[in-house]
>>> print(open('work05.cif').read())   # mmCIF, C-alpha atoms and all ligand atoms
data_work
loop_
_atom_site.group_PDB
_atom_site.id
_atom_site.type_symbol
_atom_site.label_atom_id
_atom_site.label_comp_id
_atom_site.auth_asym_id
_atom_site.auth_seq_id
_atom_site.Cartn_x
_atom_site.Cartn_y
_atom_site.Cartn_z
ATOM 1 C CA MET A 119 53.480 130.975 -20.657
ATOM 2 C CA LEU A 120 52.514 127.367 -20.952
ATOM 3 C CA VAL A 121 54.455 124.645 -19.270
ATOM 4 C CA PRO A 122 55.160 122.069 -21.996
ATOM 5 C CA GLY A 123 53.238 119.383 -20.127
ATOM 6 C CA LEU A 124 50.166 121.547 -19.862
ATOM 7 C CA ALA A 125 50.376 122.506 -23.508
ATOM 8 C CA ALA A 126 50.417 118.849 -24.438
ATOM 9 C CA LEU A 127 47.374 118.275 -22.272
ATOM 10 C CA GLY A 128 45.634 121.188 -23.921
ATOM 11 C CA ILE A 129 46.237 119.748 -27.344
ATOM 12 C CA ALA A 130 45.021 116.338 -26.277
ATOM 13 C CA ALA A 131 41.878 117.851 -24.797
ATOM 14 C CA CYS A 132 41.174 119.891 -27.928
ATOM 15 C CA SER A 133 41.603 117.004 -30.309
ATOM 16 C CA MET A 134 38.934 114.957 -28.529
ATOM 17 C CA PRO A 135 35.486 116.427 -29.193
ATOM 18 C CA ALA A 136 34.345 117.332 -32.695
ATOM 19 C CA ALA A 137 32.681 120.702 -33.219
ATOM 20 C CA ALA A 138 30.057 121.634 -30.645
ATOM 21 C CA GLY A 139 26.948 119.530 -30.975
ATOM 22 C CA ASP A 140 24.015 120.769 -33.025
ATOM 23 C CA THR A 141 20.969 119.905 -30.934
ATOM 24 C CA SER A 142 18.453 120.049 -33.780
ATOM 25 C CA ALA A 143 20.508 117.641 -35.895
ATOM 26 C CA GLY A 144 20.803 115.516 -32.750
ATOM 27 C CA GLN A 145 17.059 115.567 -32.236
ATOM 28 C CA LYS A 146 16.485 114.380 -35.807
ATOM 29 C CA LEU A 147 18.914 111.521 -35.338
ATOM 30 C CA ALA A 148 17.333 110.547 -32.030
ATOM 31 C CA ALA A 149 13.805 110.583 -33.426
ATOM 32 C CA SER A 150 14.325 109.202 -36.932
ATOM 33 C CA GLY A 151 17.738 107.585 -37.055
ATOM 34 C CA ALA A 152 20.020 107.866 -40.060
ATOM 35 C CA ASP A 153 21.594 105.645 -42.706
ATOM 36 C CA GLY A 154 22.126 102.307 -40.973
ATOM 37 C CA VAL A 155 21.281 103.755 -37.546
ATOM 38 C CA VAL A 156 18.041 102.870 -35.775
ATOM 39 C CA ALA A 157 16.295 105.815 -34.113
ATOM 40 C CA CYS A 158 17.571 106.095 -30.557
ATOM 41 C CA ALA A 159 14.012 106.830 -29.416
ATOM 42 C CA THR A 160 13.009 103.252 -30.279
ATOM 43 C CA CYS A 161 14.809 102.078 -27.177
ATOM 44 C CA HIS A 162 15.652 105.192 -25.171
ATOM 45 C CA GLY A 163 12.139 106.661 -25.421
ATOM 46 C CA ALA A 164 10.702 109.713 -27.151
ATOM 47 C CA GLN A 165 11.910 111.995 -24.353
ATOM 48 C CA GLY A 166 15.117 110.081 -23.673
ATOM 49 C CA GLN A 167 13.421 108.631 -20.618
ATOM 50 C CA GLY A 168 14.570 105.081 -21.323
ATOM 51 C CA MET A 169 12.539 101.925 -20.913
ATOM 52 C CA ALA A 170 13.145 100.550 -17.477
ATOM 53 C CA ALA A 171 11.272 97.305 -18.109
ATOM 54 C CA ALA A 172 13.678 96.424 -20.913
ATOM 55 C CA GLY A 173 16.788 97.719 -19.144
ATOM 56 C CA PHE A 174 17.305 100.565 -21.631
ATOM 57 C CA PRO A 175 18.818 103.442 -19.640
ATOM 58 C CA TYR A 176 17.505 106.990 -19.757
ATOM 59 C CA LEU A 177 19.759 109.514 -21.432
ATOM 60 C CA ALA A 178 17.815 112.739 -20.795
ATOM 61 C CA GLY A 179 19.779 115.237 -18.741
ATOM 62 C CA GLN A 180 22.959 113.165 -18.542
ATOM 63 C CA GLY A 181 26.154 115.115 -19.262
ATOM 64 C CA ALA A 182 27.069 115.338 -22.945
ATOM 65 C CA ALA A 183 30.717 114.512 -22.219
ATOM 66 C CA TYR A 184 29.716 111.383 -20.323
ATOM 67 C CA LEU A 185 27.314 110.171 -23.041
ATOM 68 C CA ALA A 186 29.777 110.866 -25.862
ATOM 69 C CA GLU A 187 32.501 109.000 -24.009
ATOM 70 C CA GLN A 188 30.210 105.972 -23.652
ATOM 71 C CA LEU A 189 29.430 105.937 -27.377
ATOM 72 C CA HIS A 190 33.158 105.942 -28.172
ATOM 73 C CA HIS A 191 33.649 103.076 -25.716
ATOM 74 C CA PHE A 192 30.804 101.044 -27.268
ATOM 75 C CA ALA A 193 32.330 101.640 -30.710
ATOM 76 C CA SER A 194 35.823 100.542 -29.638
ATOM 77 C CA GLY A 195 34.488 97.601 -27.643
ATOM 78 C CA SER A 196 36.060 98.774 -24.387
ATOM 79 C CA ARG A 197 32.489 98.916 -23.090
ATOM 80 C CA GLY A 198 31.030 95.683 -24.349
ATOM 81 C CA ASN A 199 27.408 95.688 -25.463
ATOM 82 C CA ALA A 200 26.053 93.795 -28.443
ATOM 83 C CA VAL A 201 23.126 96.170 -28.957
ATOM 84 C CA MET A 202 24.987 99.477 -28.757
ATOM 85 C CA ALA A 203 28.213 98.424 -30.514
ATOM 86 C CA PRO A 204 26.937 98.463 -34.104
ATOM 87 C CA ILE A 205 24.936 101.635 -33.487
ATOM 88 C CA ALA A 206 27.893 103.499 -31.997
ATOM 89 C CA LYS A 207 30.207 102.307 -34.773
ATOM 90 C CA ALA A 208 27.838 103.675 -37.396
ATOM 91 C CA LEU A 209 27.885 107.180 -35.885
ATOM 92 C CA SER A 210 30.370 109.850 -37.000
ATOM 93 C CA ASP A 211 32.086 112.030 -34.385
ATOM 94 C CA GLN A 212 29.816 114.880 -35.443
ATOM 95 C CA GLN A 213 26.690 112.749 -35.022
ATOM 96 C CA ILE A 214 27.876 111.727 -31.568
ATOM 97 C CA ALA A 215 28.420 115.376 -30.641
ATOM 98 C CA ASP A 216 24.972 116.305 -31.981
ATOM 99 C CA VAL A 217 22.973 113.525 -30.394
ATOM 100 C CA THR A 218 24.673 113.795 -26.992
ATOM 101 C CA ALA A 219 24.208 117.597 -26.974
ATOM 102 C CA TYR A 220 20.535 116.971 -27.689
ATOM 103 C CA TYR A 221 20.041 114.456 -24.868
ATOM 104 C CA ALA A 222 22.039 116.530 -22.395
ATOM 105 C CA GLN A 223 19.706 119.527 -22.697
ATOM 106 C CA LEU A 224 16.493 117.518 -22.277
ATOM 107 C CA PRO A 225 14.950 117.935 -18.846
ATOM 108 C CA ALA A 226 16.329 115.338 -16.464
ATOM 109 C CA ALA A 227 13.758 112.903 -15.185
ATOM 110 C CA PHE A 228 14.715 113.635 -11.599
ATOM 111 C CA ASP A 229 16.391 116.582 -9.969
ATOM 112 C CA THR A 230 17.221 117.517 -6.425
ATOM 113 C CA LYS A 231 13.968 119.465 -6.157
ATOM 114 C CA THR A 232 11.807 116.489 -7.073
ATOM 115 C CA LEU A 233 13.742 114.312 -4.705
ATOM 116 C CA ALA A 234 13.795 116.822 -1.858
ATOM 117 C CA GLY A 235 11.263 116.053 0.790
ATOM 118 C CA HIS A 236 11.796 112.408 0.056
ATOM 119 C CA ALA A 237 15.140 112.867 1.666
ATOM 120 C CA ASP A 238 15.329 110.878 4.753
ATOM 121 C CA PRO A 239 18.741 109.771 3.628
ATOM 122 C CA TYR A 240 19.002 106.968 6.118
ATOM 123 C CA PRO A 241 15.443 105.685 6.293
ATOM 124 C CA THR A 242 15.889 102.239 7.761
ATOM 125 C CA LYS A 243 18.733 99.868 8.101
ATOM 126 C CA ASP A 244 18.209 99.239 4.418
ATOM 127 C CA ALA A 245 21.540 98.040 3.070
ATOM 128 C CA GLY A 246 21.189 99.845 -0.257
ATOM 129 C CA ALA A 247 20.307 103.180 1.327
ATOM 130 C CA TRP A 248 23.161 102.813 3.760
ATOM 131 C CA LEU A 249 25.717 102.067 1.085
ATOM 132 C CA ALA A 250 24.449 104.829 -1.198
ATOM 133 C CA ASN A 251 24.522 107.499 1.477
ATOM 134 C CA ARG A 252 27.280 106.395 3.814
ATOM 135 C CA GLY A 253 29.408 103.885 1.965
ATOM 136 C CA ASP A 254 31.085 100.888 3.468
ATOM 137 C CA TRP A 255 34.385 102.108 4.794
ATOM 138 C CA ASP A 256 35.445 98.711 6.102
ATOM 139 C CA ASN A 257 35.735 97.733 2.461
ATOM 140 C CA ASP A 258 36.915 101.110 1.148
ATOM 141 C CA ILE A 259 33.651 101.821 -0.647
ATOM 142 C CA PRO A 260 32.787 105.536 -0.551
ATOM 143 C CA ALA A 261 29.202 106.755 -0.419
ATOM 144 C CA CYS A 262 27.803 106.789 -3.943
ATOM 145 C CA VAL A 263 26.186 110.188 -3.385
ATOM 146 C CA GLN A 264 29.625 111.752 -2.909
ATOM 147 C CA CYS A 265 30.131 111.577 -6.646
ATOM 148 C CA HIS A 266 26.641 110.981 -8.030
ATOM 149 C CA GLY A 267 25.029 113.763 -6.005
ATOM 150 C CA PRO A 268 22.355 113.722 -3.327
ATOM 151 C CA GLY A 269 19.653 111.276 -4.356
ATOM 152 C CA GLY A 270 21.892 110.097 -7.203
ATOM 153 C CA VAL A 271 20.746 112.885 -9.534
ATOM 154 C CA GLY A 272 24.160 113.251 -11.173
ATOM 155 C CA VAL A 273 26.849 115.950 -10.945
ATOM 156 C CA GLY A 274 28.354 117.965 -13.783
ATOM 157 C CA THR A 275 29.053 116.274 -17.074
ATOM 158 C CA GLN A 276 31.108 113.285 -15.887
ATOM 159 C CA PHE A 277 29.129 111.821 -12.985
ATOM 160 C CA PRO A 278 25.960 110.300 -14.402
ATOM 161 C CA ALA A 279 22.602 110.239 -12.643
ATOM 162 C CA LEU A 280 21.502 106.910 -11.174
ATOM 163 C CA ALA A 281 18.112 107.772 -9.615
ATOM 164 C CA GLY A 282 15.275 105.972 -11.365
ATOM 165 C CA GLN A 283 17.547 104.069 -13.724
ATOM 166 C CA SER A 284 16.366 100.441 -13.959
ATOM 167 C CA ALA A 285 17.721 98.111 -11.303
ATOM 168 C CA ASN A 286 18.701 95.541 -13.909
ATOM 169 C CA TYR A 287 20.648 98.132 -15.864
ATOM 170 C CA LEU A 288 22.501 99.410 -12.793
ATOM 171 C CA LYS A 289 23.338 95.875 -11.668
ATOM 172 C CA ALA A 290 24.604 94.983 -15.128
ATOM 173 C CA GLN A 291 26.956 97.998 -15.145
ATOM 174 C CA LEU A 292 28.449 97.225 -11.742
ATOM 175 C CA SER A 293 28.910 93.572 -12.708
ATOM 176 C CA ALA A 294 30.480 94.576 -16.013
ATOM 177 C CA TRP A 295 33.099 96.610 -14.138
ATOM 178 C CA LYS A 296 33.740 93.744 -11.760
ATOM 179 C CA GLU A 297 34.325 91.462 -14.724
ATOM 180 C CA GLY A 298 36.355 94.010 -16.702
ATOM 181 C CA LYS A 299 33.734 94.229 -19.452
ATOM 182 C CA ARG A 300 33.128 97.959 -19.240
ATOM 183 C CA ASP A 301 35.804 100.586 -19.794
ATOM 184 C CA PRO A 302 36.959 101.733 -16.350
ATOM 185 C CA GLY A 303 36.182 105.388 -17.054
ATOM 186 C CA PRO A 304 37.873 108.380 -15.397
ATOM 187 C CA LEU A 305 40.665 107.317 -12.998
ATOM 188 C CA ASP A 306 39.123 103.845 -12.884
ATOM 189 C CA LEU A 307 36.903 105.190 -10.105
ATOM 190 C CA MET A 308 34.017 102.819 -10.763
ATOM 191 C CA GLY A 309 36.144 99.828 -11.717
ATOM 192 C CA ASP A 310 37.804 100.093 -8.346
ATOM 193 C CA ILE A 311 34.603 100.574 -6.391
ATOM 194 C CA ALA A 312 32.663 97.819 -8.147
ATOM 195 C CA LYS A 313 35.427 95.286 -7.516
ATOM 196 C CA ARG A 314 35.108 95.893 -3.802
ATOM 197 C CA MET A 315 31.346 95.407 -3.775
ATOM 198 C CA SER A 316 29.730 92.076 -2.928
ATOM 199 C CA ASP A 317 26.935 90.772 -5.145
ATOM 200 C CA ALA A 318 24.488 91.439 -2.319
ATOM 201 C CA GLN A 319 25.647 95.050 -2.092
ATOM 202 C CA ILE A 320 25.300 95.484 -5.847
ATOM 203 C CA THR A 321 21.730 94.220 -5.758
ATOM 204 C CA ALA A 322 20.812 96.303 -2.723
ATOM 205 C CA VAL A 323 22.228 99.569 -4.020
ATOM 206 C CA ALA A 324 20.813 99.058 -7.534
ATOM 207 C CA ASP A 325 17.358 98.471 -6.064
ATOM 208 C CA TYR A 326 17.774 101.535 -3.872
ATOM 209 C CA PHE A 327 18.598 103.926 -6.718
ATOM 210 C CA ALA A 328 16.019 102.354 -9.029
ATOM 211 C CA GLY A 329 13.352 102.808 -6.385
ATOM 212 C CA LEU A 330 14.106 106.406 -5.422
ATOM 213 C CA PRO A 331 11.737 108.203 -7.779
ATOM 214 C CA ASP A 332 8.916 105.742 -7.127
ATOM 215 C CA ALA A 333 8.658 107.082 -3.640
ATOM 216 C CA VAL A 334 8.664 110.619 -4.966
ATOM 217 C CA GLN A 335 6.568 110.517 -8.092
ATOM 218 C CA GLY A 336 4.633 107.296 -7.753
ATOM 219 C CA GLN A 337 6.097 106.442 -11.117
ATOM 220 C CA ALA A 338 6.275 102.799 -12.069
ATOM 221 C CA THR A 339 9.881 102.567 -13.117
ATOM 222 C CA ALA A 340 12.049 99.763 -11.908
ATOM 223 C CA THR A 341 11.300 96.181 -12.707
ATOM 224 C CA GLN A 342 12.813 94.353 -9.834
ATOM 225 C CA GLY A 343 10.715 91.279 -10.626
ATOM 226 C CA GLY A 344 13.031 89.539 -13.042
ATOM 227 C CA ALA A 345 16.190 90.792 -11.429
ATOM 228 C CA LYS A 346 19.031 88.340 -11.454
HETATM 229 C C1 LIG A 401 17.822 98.522 -29.965
HETATM 230 C C2 LIG A 401 17.826 99.349 -28.782
HETATM 231 C C3 LIG A 401 18.734 100.571 -28.741
HETATM 232 C C4 LIG A 401 18.836 101.587 -29.670
HETATM 233 C C5 LIG A 401 18.125 101.716 -31.008
HETATM 234 C C6 LIG A 401 19.776 102.544 -29.113
HETATM 235 N N1 LIG A 401 20.200 102.114 -27.890
HETATM 236 FE FE1 LIG A 401 21.550 103.087 -26.680
HETATM 237 N N2 LIG A 401 21.439 101.559 -25.306
HETATM 238 C C7 LIG A 401 20.718 100.392 -25.472
HETATM 239 C C8 LIG A 401 21.030 99.492 -24.378
HETATM 240 C C9 LIG A 401 20.471 98.091 -24.189
HETATM 241 C C10 LIG A 401 21.966 100.150 -23.541
HETATM 242 C C11 LIG A 401 22.619 99.620 -22.257
HETATM 243 C C12 LIG A 401 23.954 99.015 -22.612
HETATM 244 C C13 LIG A 401 24.668 98.431 -21.412
HETATM 245 O O1 LIG A 401 24.042 97.705 -20.639
HETATM 246 O O2 LIG A 401 25.867 98.716 -21.262
HETATM 247 C C14 LIG A 401 22.198 101.447 -24.151
HETATM 248 C C15 LIG A 401 23.064 102.404 -23.631
HETATM 249 C C16 LIG A 401 23.335 103.626 -24.223
HETATM 250 C C17 LIG A 401 24.211 104.620 -23.673
HETATM 251 C C18 LIG A 401 24.957 104.549 -22.333
HETATM 252 C C19 LIG A 401 24.129 105.231 -21.264
HETATM 253 C C20 LIG A 401 24.795 105.330 -19.909
HETATM 254 O O3 LIG A 401 24.128 105.816 -18.977
HETATM 255 O O4 LIG A 401 25.972 104.955 -19.763
HETATM 256 C C21 LIG A 401 24.223 105.668 -24.556
HETATM 257 C C22 LIG A 401 25.008 106.966 -24.429
HETATM 258 C C23 LIG A 401 23.344 105.325 -25.660
HETATM 259 N N3 LIG A 401 22.818 104.068 -25.425
HETATM 260 C C24 LIG A 401 23.086 106.155 -26.754
HETATM 261 C C25 LIG A 401 22.288 105.793 -27.848
HETATM 262 C C26 LIG A 401 22.104 106.635 -29.013
HETATM 263 C C27 LIG A 401 22.688 108.025 -29.191
HETATM 264 C C28 LIG A 401 21.294 105.939 -29.875
HETATM 265 C C29 LIG A 401 20.837 106.340 -31.261
HETATM 266 C C30 LIG A 401 21.862 106.761 -32.200
HETATM 267 C C31 LIG A 401 20.965 104.676 -29.221
HETATM 268 N N4 LIG A 401 21.594 104.629 -28.005
HETATM 269 C C32 LIG A 401 20.141 103.703 -29.769
HETATM 270 C C33 LIG A 401 19.807 100.142 -26.490
HETATM 271 C C34 LIG A 401 19.617 100.910 -27.621
HETATM 272 C C1 LIG A 402 34.726 108.744 -6.509
HETATM 273 C C2 LIG A 402 33.594 109.012 -7.344
HETATM 274 C C3 LIG A 402 32.512 107.932 -7.465
HETATM 275 C C4 LIG A 402 31.898 107.252 -6.431
HETATM 276 C C5 LIG A 402 32.159 107.363 -4.943
HETATM 277 C C6 LIG A 402 30.908 106.407 -7.048
HETATM 278 N N1 LIG A 402 30.901 106.591 -8.398
HETATM 279 FE FE1 LIG A 402 29.717 105.637 -9.755
HETATM 280 N N2 LIG A 402 30.569 106.663 -11.294
HETATM 281 C C7 LIG A 402 31.626 107.546 -11.161
HETATM 282 C C8 LIG A 402 32.049 107.979 -12.484
HETATM 283 C C9 LIG A 402 33.173 108.945 -12.813
HETATM 284 C C10 LIG A 402 31.197 107.323 -13.418
HETATM 285 C C11 LIG A 402 31.246 107.411 -14.966
HETATM 286 C C12 LIG A 402 32.105 106.282 -15.446
HETATM 287 C C13 LIG A 402 32.318 106.300 -16.950
HETATM 288 O O1 LIG A 402 32.570 107.386 -17.495
HETATM 289 O O2 LIG A 402 32.252 105.212 -17.540
HETATM 290 C C14 LIG A 402 30.280 106.503 -12.633
HETATM 291 C C15 LIG A 402 29.292 105.699 -13.201
HETATM 292 C C16 LIG A 402 28.461 104.844 -12.477
HETATM 293 C C17 LIG A 402 27.456 103.985 -13.058
HETATM 294 C C18 LIG A 402 27.110 103.859 -14.536
HETATM 295 C C19 LIG A 402 25.903 104.722 -14.846
HETATM 296 C C20 LIG A 402 25.381 104.556 -16.261
HETATM 297 O O3 LIG A 402 24.527 105.373 -16.666
HETATM 298 O O4 LIG A 402 25.796 103.621 -16.965
HETATM 299 C C21 LIG A 402 26.887 103.280 -12.024
HETATM 300 C C22 LIG A 402 25.798 102.234 -12.132
HETATM 301 C C23 LIG A 402 27.519 103.731 -10.789
HETATM 302 N N3 LIG A 402 28.483 104.677 -11.113
HETATM 303 C C24 LIG A 402 27.187 103.282 -9.522
HETATM 304 C C25 LIG A 402 27.797 103.700 -8.334
HETATM 305 C C26 LIG A 402 27.461 103.186 -7.028
HETATM 306 C C27 LIG A 402 26.384 102.162 -6.750
HETATM 307 C C28 LIG A 402 28.290 103.802 -6.132
HETATM 308 C C29 LIG A 402 28.382 103.586 -4.637
HETATM 309 C C30 LIG A 402 28.647 102.243 -4.196
HETATM 310 C C31 LIG A 402 29.135 104.713 -6.891
HETATM 311 N N4 LIG A 402 28.806 104.630 -8.224
HETATM 312 C C32 LIG A 402 30.111 105.540 -6.339
HETATM 313 C C33 LIG A 402 32.187 107.974 -9.975
HETATM 314 C C34 LIG A 402 31.875 107.514 -8.697
#
>>> encode(input="work05.cif", output="structure tokens")
Amino acid sequence: MLVPGLAALGIAACSMPAAAGDTSAGQKLAASGADGVVACATCHGAQGQGMAAAGFPYLAGQGAAYLAEQLHHFASGSRGNAVMAPIAKALSDQQIADVTAYYAQLPAAFDTKTLAGHADPYPTKDAGAWLANRGDWDNDIPACVQCHGPGGVGVGTQFPALAGQSANYLKAQLSAWKEGKRDPGPLDLMGDIAKRMSDAQITAVADYFAGLPDAVQGQATATQGGAK
């Protein structure tokens, strides 16, 4: 027997996603685009690895639900971005389901195995490392890894990975929440957290997550040079 409230929730949940994503249709869209839609690969890379130097985030291995949600937010304007808005608006619900299913099953750039061994979670008195792994309880900021996973590799389909994402991109997202320019997301978790962070903390923690895979893979990712 369903409690009426739960039944209503069930209906709401079912009406959200279109049919399950078709990964091969998604791959085609990502690689070649469609009518009025530039190929995602142009900016997000052939393997969905992003382009850190330009601040284009990686999508590979992020949860499909998270990515789809972001595309709906870009389309509605509740997550403001001049580049992604027209692209997201041009996509049908089915195309969003397809392309996010495709990116979700690509191998993630970083996983806990790659990051293991790197893990001295509290290396120095580095402010970014401290905040990421311990939080700042004086200001009610929980440790980022509590939700984003050890090393910031992401958890489930709703908590995106941060490790190796460009520092400029991460900073821009935290600032957007502070300024109310990005949809608050589930339970306003990030809106709340970002508002409690100082600009110095934002810079430190963005640099920390951007730099994580460098130490592990010697990969030239983050471009801290032009960071604002
Ligand atoms: C011209 C470059 C460009 C193209 C083409 C492009 N994107 Fe983006 N995308 C961006 C930028 C820039 C951002 C970061 C926006 C921000 O800062 O909020 C982004 C962000 C995203 C995000 C949010 C990622 C996150 O971690 O929250 C998703 C999802 C996304 N793009 C999907 C797509 C898909 C799917 C396509 C193809 C249909 C596509 N993009 C094509 C530039 C592009
Ligand atoms: C209580 C859980 C929670 C904690 C703690 C948390 N986050 Fe998040 N974070 C989330 C959720 C949920 C999202 C997805 C938001 C959405 O759907 O728009 C997110 C998204 C993000 C994003 C956007 C990623 C992208 O690809 O665009 C950044 C950046 C981020 N968090 C940084 C941080 C930092 C830095 C900390 C630590 C100071 C932190 N988070 C702590 C839950 C959390």
>>> closest_atom_pairs(input="work05.cif", of="chain A", to="ligand LIG 401 (chain A)", cutoff="7 Å", atoms="only C-alpha atoms and all ligand atoms", output="CSV")
residue,atom,partner,partner_atom,distance
A:Leu147,CA,A:LIG401,C30,6.4
A:Ala148,CA,A:LIG401,C29,5.5
A:Gly151,CA,A:LIG401,C30,6.4
A:Val155,CA,A:LIG401,C30,6.2
A:Val156,CA,A:LIG401,C5,4.9
A:Ala157,CA,A:LIG401,C29,5.4
A:Cys158,CA,A:LIG401,C29,3.3
A:Ala159,CA,A:LIG401,C5,6.8
A:Thr160,CA,A:LIG401,C5,5.4
A:Cys161,CA,A:LIG401,C2,4.4
A:His162,CA,A:LIG401,N1,6.1
A:Gly173,CA,A:LIG401,C9,6.3
A:Phe174,CA,A:LIG401,C8,4.8
A:Pro175,CA,A:LIG401,C19,5.8
A:Tyr176,CA,A:LIG401,O3,6.8
A:Leu177,CA,A:LIG401,C19,6.1
A:Leu185,CA,A:LIG401,C22,4.2
A:Ala186,CA,A:LIG401,C22,6.3
A:Gln188,CA,A:LIG401,C22,5.4
A:Leu189,CA,A:LIG401,C22,5.4
A:Arg197,CA,A:LIG401,O2,6.9
A:Gly198,CA,A:LIG401,O2,6.7
A:Asn199,CA,A:LIG401,O2,5.4
A:Val201,CA,A:LIG401,C33,5.7
A:Met202,CA,A:LIG401,N2,5.4
A:Ile205,CA,A:LIG401,C30,6.1
A:Ala206,CA,A:LIG401,C30,6.9
A:Ile214,CA,A:LIG401,C27,6.8
A:Val217,CA,A:LIG401,C27,5.6
A:Thr218,CA,A:LIG401,C27,6.5
A:Pro278,CA,A:LIG401,O3,6.7
A:Tyr287,CA,A:LIG401,O1,5.9
A:Ala290,CA,A:LIG401,O1,6.2
A:Gln291,CA,A:LIG401,O1,6.2
>>> residues_near_ligand(input="work05.cif", ligand="ligand LIG 402 (chain A)", cutoff="9 Å", atoms="only C-alpha atoms and all ligand atoms", output="ChimeraX atom specification")
/A:175-177,180,183-185,187-188,191,197,246,249-254,259-266,270,276-280,283,287-292,300-309,311-312,315,319-320,323-324,327
>>> write_last_selection(input="work05.cif", atoms="C-alpha atoms", output="compact mmCIF listing (two decimals), in the coordinates of the input")
# COMPACT_ATOMS: atom_id res chain seq x y z
CA PRO A 175 18.82 103.44 -19.64
CA TYR A 176 17.50 106.99 -19.76
CA LEU A 177 19.76 109.51 -21.43
CA GLN A 180 22.96 113.16 -18.54
CA ALA A 183 30.72 114.51 -22.22
CA TYR A 184 29.72 111.38 -20.32
CA LEU A 185 27.31 110.17 -23.04
CA GLU A 187 32.50 109.00 -24.01
CA GLN A 188 30.21 105.97 -23.65
CA HIS A 191 33.65 103.08 -25.72
CA ARG A 197 32.49 98.92 -23.09
CA GLY A 246 21.19 99.84 -0.26
CA LEU A 249 25.72 102.07 1.08
CA ALA A 250 24.45 104.83 -1.20
CA ASN A 251 24.52 107.50 1.48
CA ARG A 252 27.28 106.40 3.81
CA GLY A 253 29.41 103.88 1.96
CA ASP A 254 31.08 100.89 3.47
CA ILE A 259 33.65 101.82 -0.65
CA PRO A 260 32.79 105.54 -0.55
CA ALA A 261 29.20 106.76 -0.42
CA CYS A 262 27.80 106.79 -3.94
CA VAL A 263 26.19 110.19 -3.38
CA GLN A 264 29.62 111.75 -2.91
CA CYS A 265 30.13 111.58 -6.65
CA HIS A 266 26.64 110.98 -8.03
CA GLY A 270 21.89 110.10 -7.20
CA GLN A 276 31.11 113.28 -15.89
CA PHE A 277 29.13 111.82 -12.98
CA PRO A 278 25.96 110.30 -14.40
CA ALA A 279 22.60 110.24 -12.64
CA LEU A 280 21.50 106.91 -11.17
CA GLN A 283 17.55 104.07 -13.72
CA TYR A 287 20.65 98.13 -15.86
CA LEU A 288 22.50 99.41 -12.79
CA LYS A 289 23.34 95.88 -11.67
CA ALA A 290 24.60 94.98 -15.13
CA GLN A 291 26.96 98.00 -15.14
CA LEU A 292 28.45 97.22 -11.74
CA ARG A 300 33.13 97.96 -19.24
CA ASP A 301 35.80 100.59 -19.79
CA PRO A 302 36.96 101.73 -16.35
CA GLY A 303 36.18 105.39 -17.05
CA PRO A 304 37.87 108.38 -15.40
CA LEU A 305 40.66 107.32 -13.00
CA ASP A 306 39.12 103.84 -12.88
CA LEU A 307 36.90 105.19 -10.10
CA MET A 308 34.02 102.82 -10.76
CA GLY A 309 36.14 99.83 -11.72
CA ILE A 311 34.60 100.57 -6.39
CA ALA A 312 32.66 97.82 -8.15
CA MET A 315 31.35 95.41 -3.78
CA GLN A 319 25.65 95.05 -2.09
CA ILE A 320 25.30 95.48 -5.85
CA VAL A 323 22.23 99.57 -4.02
CA ALA A 324 20.81 99.06 -7.53
CA PHE A 327 18.60 103.93 -6.72
>>> atom_distance(input="work05.cif", atom1="atom CA of Gly181 of chain A", atom2="atom CA of Ala219 of chain A")
8.3 Å
>>> atom_distance(input="work05.cif", atom1="atom CA of Gln165 of chain A", atom2="atom CA of Ala226 of chain A")
9.6 Å
>>> atom_distance(input="work05.cif", atom1="atom CA of Ala193 of chain A", atom2="atom CA of Gln213 of chain A")
13.2 Å
